[in-house]
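**Student:** Here you go, final10.txt (compact mmCIF, C-alpha atoms):
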# COMPACT_ATOMS: atom_id res chain seq x y z
CA ILE A 1 1.32 13.79 71.14
CA THR A 2 4.10 12.02 73.01
CA ASP A 3 6.83 12.72 75.50
CA GLY A 4 9.13 10.62 77.60
CA ASP A 5 8.65 12.63 80.80
CA HIS A 6 5.67 11.72 82.99
CA GLN A 7 5.14 15.29 84.27
CA VAL A 8 5.11 16.68 80.73
CA LEU A 9 2.49 14.07 79.78
CA ILE A 10 0.25 15.23 82.62
CA ASN A 11 0.49 18.77 81.27
CA LEU A 12 -0.12 17.63 77.67
CA ARG A 13 -3.25 15.74 78.70
CA TYR A 14 -4.51 18.72 80.67
CA ASN A 15 -4.02 20.97 77.63
CA VAL A 16 -5.82 18.52 75.34
CA GLU A 17 -8.85 18.48 77.63
CA LEU A 18 -8.67 22.26 78.18
CA ASN A 19 -9.03 22.65 74.41
CA GLY A 20 -12.20 20.56 74.37
CA LEU A 21 -10.71 17.49 72.72
CA GLN A 22 -11.58 13.99 73.84
CA LEU A 23 -8.54 12.18 75.20
CA ALA A 24 -8.09 8.46 74.51
CA ASP A 25 -5.72 5.84 75.80
CA ALA A 26 -4.15 3.06 73.75
CA ALA A 27 -7.02 0.66 74.47
CA THR A 28 -9.78 3.03 73.34
CA LEU A 29 -8.12 5.14 70.63
CA LYS A 30 -9.31 3.10 67.64
CA SER A 31 -12.74 2.23 69.01
CA SER A 32 -13.79 5.62 70.37
CA ASN A 33 -14.61 9.06 69.05
CA ALA A 34 -11.49 10.41 70.74
CA THR A 35 -9.33 12.58 68.53
CA ILE A 36 -6.01 12.45 70.34
CA SER A 37 -3.91 10.47 72.77
CA CYS A 38 -0.83 11.39 74.79
CA PRO A 39 1.15 8.21 75.44
CA GLN A 40 4.63 8.03 76.84
CA LEU A 41 7.35 7.41 74.28
CA ILE A 42 10.84 6.59 75.48
CA TRP A 43 13.37 6.84 72.68
CA GLY A 44 15.28 3.84 71.43
CA LYS A 45 14.68 0.90 69.12
CA ASN A 46 13.15 -1.51 71.64
CA HIS A 47 10.76 1.08 73.08
CA ALA A 48 9.76 2.16 69.57
CA ILE A 49 9.01 -1.41 68.51
CA LYS A 50 6.62 -1.81 71.45
CA PHE A 51 5.09 1.59 70.72
CA ALA A 52 4.51 0.64 67.07
CA GLU A 53 2.72 -2.53 68.16
CA GLN A 54 0.15 -0.38 69.97
CA TYR A 55 -0.06 2.67 67.71
CA GLY A 56 1.23 1.50 64.34
CA LYS A 57 3.57 3.19 61.88
CA GLN A 58 3.15 6.93 61.45
CA ASP A 59 2.81 8.90 58.20
CA VAL A 60 4.24 12.08 59.74
CA ILE A 61 6.34 12.57 62.86
CA VAL A 62 7.03 16.05 64.19
CA ALA A 63 9.79 16.67 66.73
CA THR A 64 10.31 20.13 68.18
CA ASP A 65 13.02 21.26 70.58
CA CYS A 66 13.66 17.74 71.81
CA VAL A 67 17.40 17.29 71.28
CA TYR A 68 19.52 19.02 73.88
CA ILE A 69 22.76 17.06 73.65
CA PRO A 70 24.44 15.17 70.78
CA GLN A 71 24.08 11.84 72.63
CA SER A 72 20.30 11.97 72.24
CA VAL A 73 20.32 12.11 68.43
CA SER A 74 20.96 8.38 67.86
CA PRO A 75 18.10 7.26 70.16
CA LEU A 76 15.83 9.77 68.39
CA PHE A 77 16.63 8.30 64.97
CA GLU A 78 16.34 4.73 66.28
CA THR A 79 12.82 5.71 67.27
CA ILE A 80 12.02 7.49 64.01
CA ASN A 81 13.41 4.56 62.04
CA GLU A 82 11.02 2.14 63.78
CA LEU A 83 7.91 4.35 63.86
CA LEU A 84 7.92 6.18 60.53
CA ASP A 85 6.07 4.64 57.62
CA PRO A 86 8.47 3.90 54.72
CA SER A 87 7.03 6.78 52.69
CA GLY A 88 6.52 9.07 55.70
CA LEU A 89 7.94 12.47 56.60
CA PHE A 90 9.92 13.41 59.67
CA LEU A 91 9.72 17.14 60.46
CA PHE A 92 12.40 18.39 62.85
CA VAL A 93 12.78 21.78 64.54
CA ASN A 94 15.42 22.22 67.20
CA THR A 95 16.57 25.69 68.12
CA CYS A 96 15.46 26.44 71.66
CA ALA A 97 18.06 25.24 74.13
CA SER A 98 20.07 22.87 72.01
CA ALA A 99 23.76 22.31 72.46
CA CYS A 100 23.59 19.92 69.53
CA PRO A 101 24.78 21.21 66.17
CA MET A 102 22.53 20.49 63.20
CA GLU A 103 25.53 18.88 61.51
CA ASP A 104 25.42 16.12 64.16
CA VAL A 105 21.72 15.57 63.45
CA LEU A 106 22.36 15.34 59.71
CA ASN A 107 25.23 12.86 60.16
CA ILE A 108 23.17 10.55 62.39
CA ALA A 109 20.18 10.82 60.06
CA THR A 110 22.39 9.70 57.17
CA GLU A 111 23.58 6.70 59.20
CA PHE A 112 19.94 5.65 59.61
CA GLY A 113 19.18 6.08 55.91
CA PHE A 114 17.44 9.46 56.05
CA ASP A 115 18.10 12.48 53.88
CA CYS A 116 17.29 16.06 54.80
CA PHE A 117 15.73 18.10 52.03
CA ASP A 118 16.97 21.62 52.74
CA ASP A 119 15.28 22.84 49.58
CA GLU A 120 12.02 22.07 51.40
CA LEU A 121 12.81 24.02 54.57
CA TRP A 122 9.67 25.49 56.07
CA TYR A 123 9.47 28.54 58.30
CA HIS A 124 6.78 30.00 60.50
CA ASP A 125 5.48 33.17 58.83
CA ASP A 126 7.04 35.35 61.55
CA ASP A 127 10.43 33.72 61.00
CA ARG A 128 10.55 33.66 57.22
CA GLU A 129 12.90 36.65 56.99
CA LYS A 130 15.03 35.80 60.03
CA LYS A 131 15.07 32.05 59.32
CA LYS A 132 15.46 31.37 63.03
CA HIS A 133 13.29 28.26 63.29
CA PRO A 134 13.61 26.13 60.16
CA VAL A 135 11.56 22.97 59.88
CA HIS A 136 13.92 20.36 58.46
CA VAL A 137 12.18 17.79 56.26
CA PHE A 138 13.59 14.25 56.41
CA ARG A 139 12.66 11.34 54.18
CA ARG A 140 14.02 7.84 53.94
CA ARG A 141 16.68 7.50 51.28
CA LYS A 142 15.28 5.70 48.27
CA GLU A 143 17.07 2.49 47.34
CA VAL A 144 18.51 2.54 43.83
Kindly transcribe the structure held in the file into structure tokens.
**Tutor:**
Amino acid sequence: ITDGDHQVLINLRYNVELNGLQLADAATLKSSNATISCPQLIWGKNHAIKFAEQYGKQDVIVATDCVYIPQSVSPLFETINELLDPSGLFLFVNTCASACPMEDVLNIATEFGFDCFDDELWYHDDDREKKKHPVHVFRRRKEV
């Protein structure tokens, strides 16, 4: 679980421990019995490259309510582009306090070589009828 904000990370780590999970740091994650870590992740290509050196490429990345303004979409996809395994999935939900239209997200995703598969939209069971909180599924565009 990541965040860019130091105070949020403190809360994340507290919640992990409150739920009885063993928290690891980057140095002990692979060599311990810990099940989760909560490192800081600042968006952008250079930060993501350094992050990948420590934590590797990811099979699945989930981002929820993390884009508040259109200017943050490019740094998000720079990060996803560097951290997501070539065959991985990026799951994106953004409805809470966003002033960023989904159209902007889709346009930036396309620029980075990702396609959104709206036929694979997922919904929480409580939202299935209202379709208020769709989970957008992104995959890298396959080269032809």
**Student:** Which residue is closest to Gly88 of chain A? Choose from A:Lys142, A:Arg13, A:Lys50, A:His6 and count all atoms listed in the file.
**Tutor:**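 The shortest atom-to-atom distance to Gly88 of chain A comes from A:Lys142.
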**Student:** Do you have the atom CA of Leu83 of chain A-atom CA of Val135 of chain A distance handy?
**Tutor:**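 So the answer is 19.4 Å.
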**Student:** My list of candidates is A:Phe77, A:Asp25, A:Gly56, A:Gly20. Which is closest to Leu106 of chain A when distances are computed with only C-alpha atoms?
**Tutor:**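 Selected residue with least distance to Leu106 of chain A: A:Phe77.
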**Student:** Tell me which of A:Gln58, A:Thr35, A:Asn107, A:Thr2 sits closest to Pro86 of chain A, counting all atoms listed in the file.
**Tutor:** A:Gln58
**Student:** Work out how far apart atom CA of Asn94 of chain A and atom CA of Ile36 of chain A are and give it in Å to one decimal.
**Tutor:** 23.8 Å
**Student:** Report, in Å with one decimal, the straight-line distance from atom CA of Lys57 of chain A to atom CA of Glu82 of chain A.
**Tutor:**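 Pair atom CA of Lys57 of chain A / atom CA of Glu82 of chain A returns 7.8 Å.
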**Student:** Counting all atoms listed in the file, figure out which residue out of A:Asp115, A:Asp85, A:Asp65, A:Asp5 gets nearest to Pro134 of chain A.
**Tutor:**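 Going through A:Asp115, A:Asp85, A:Asp65, A:Asp5 one by one, the smallest distance to Pro134 of chain A is for A:Asp65.
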**Student:** Name all residues at most 12 Å from Ile69 of chain A (count only C-alpha atoms; drop same-chain ones fewer than 4 positions away) and give them as a list in words.
**Tutor:**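 The contact residues come out as Asp65, Val73, Ser74, Pro75, Leu76, Asn94, Thr95, Ala97, Ser98, Ala99, Cys100, Pro101, Met102, Asp104 and Val105 of chain A.
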**Student:** Give the answer as one residue: which of A:Ala52, A:Ile108, A:Cys38, A:Leu91 has the shortest atom-to-atom distance to Gln71 of chain A, using all atoms listed in the file?
**Tutor:** A:Ile108
